[in-house]
Amino acid sequence: MKLLYTEQAIESLNEALDFIAPKVTDKKLSEIRNQILDKADTLIDQPLKGQIEPYLEHLNLEHRRLVEGNYKIIYRIYGSIIYVTDIFDSRQDPYKMKE
């Protein structure tokens, strides 16, 4: 399996990190980023490990989610590619999730 990040996922991750940046050290920010990306990397060996994401079921694309700390990693599998489609702070309103 191959893991790819959409532009949306990268933008969302950067927005989430920018939001907490004033509250944490650069080292901590880097640690959080690495933890999120490391968690996503685990999908390569176990792509079905995440739960179905109920807020996106209406799209019928079988989006799944992993949680790392306060962050949700939203992804879907298409063929042999795992697309990470969004990464966001799970404390935010789930209805803000982009389709």
# chains A, B, ... in the order shown; residues from 1 in each chain; ligands from 1
$ residues_around --residues "Tyr75 of chain A" --least-positions-apart "2" --cutoff "6 Å" --atoms "only C-alpha atoms" --output "PyMOL selection string"
chain A and resi 63-64+83-85
$ select_by_dssp --residues "chain A" --states "strand (DSSP E or B)" --output "PyMOL selection string"
chain A and resi 2-5+51-52+64-68+71-78+81-89
$ residues_around --residues "Ile74 of chain A" --least-positions-apart "3" --cutoff "12 Å" --atoms "only C-alpha atoms" --output "count of residues only"
43
$ residues_around --residues "Ile32 of chain A" --least-positions-apart "5" --cutoff "12 Å" --atoms "only C-alpha atoms" --output "MDAnalysis selection string"
chainID A and resid 13:14 16:18 20:21 24:27 37:39 68:71 89
$ select_by_dssp --residues "chain A" --states "helix (DSSP H, G or I)" --output "ChimeraX atom specification"
/A:7-23,26-44,54-59,94-96
$ closest_residue --among "A:Asn34, A:His58, A:Glu15, A:Asp45" --to "Ser80 of chain A" --atoms "only C-alpha atoms"
A:Asp45
$ closest_residue --among "A:Thr42, A:Asn60, A:Gln35, A:Ser30" --to "Arg76 of chain A" --atoms "only C-alpha atoms"
A:Asn60
$ atom_distance --atom1 "atom CA of Leu59 of chain A" --atom2 "atom CA of Glu11 of chain A"
21.2 Å
$ closest_residue --among "A:Lys2, A:Lys72, A:Lys23, A:Lys28" --to "Asp41 of chain A" --atoms "only C-alpha atoms"
A:Lys2
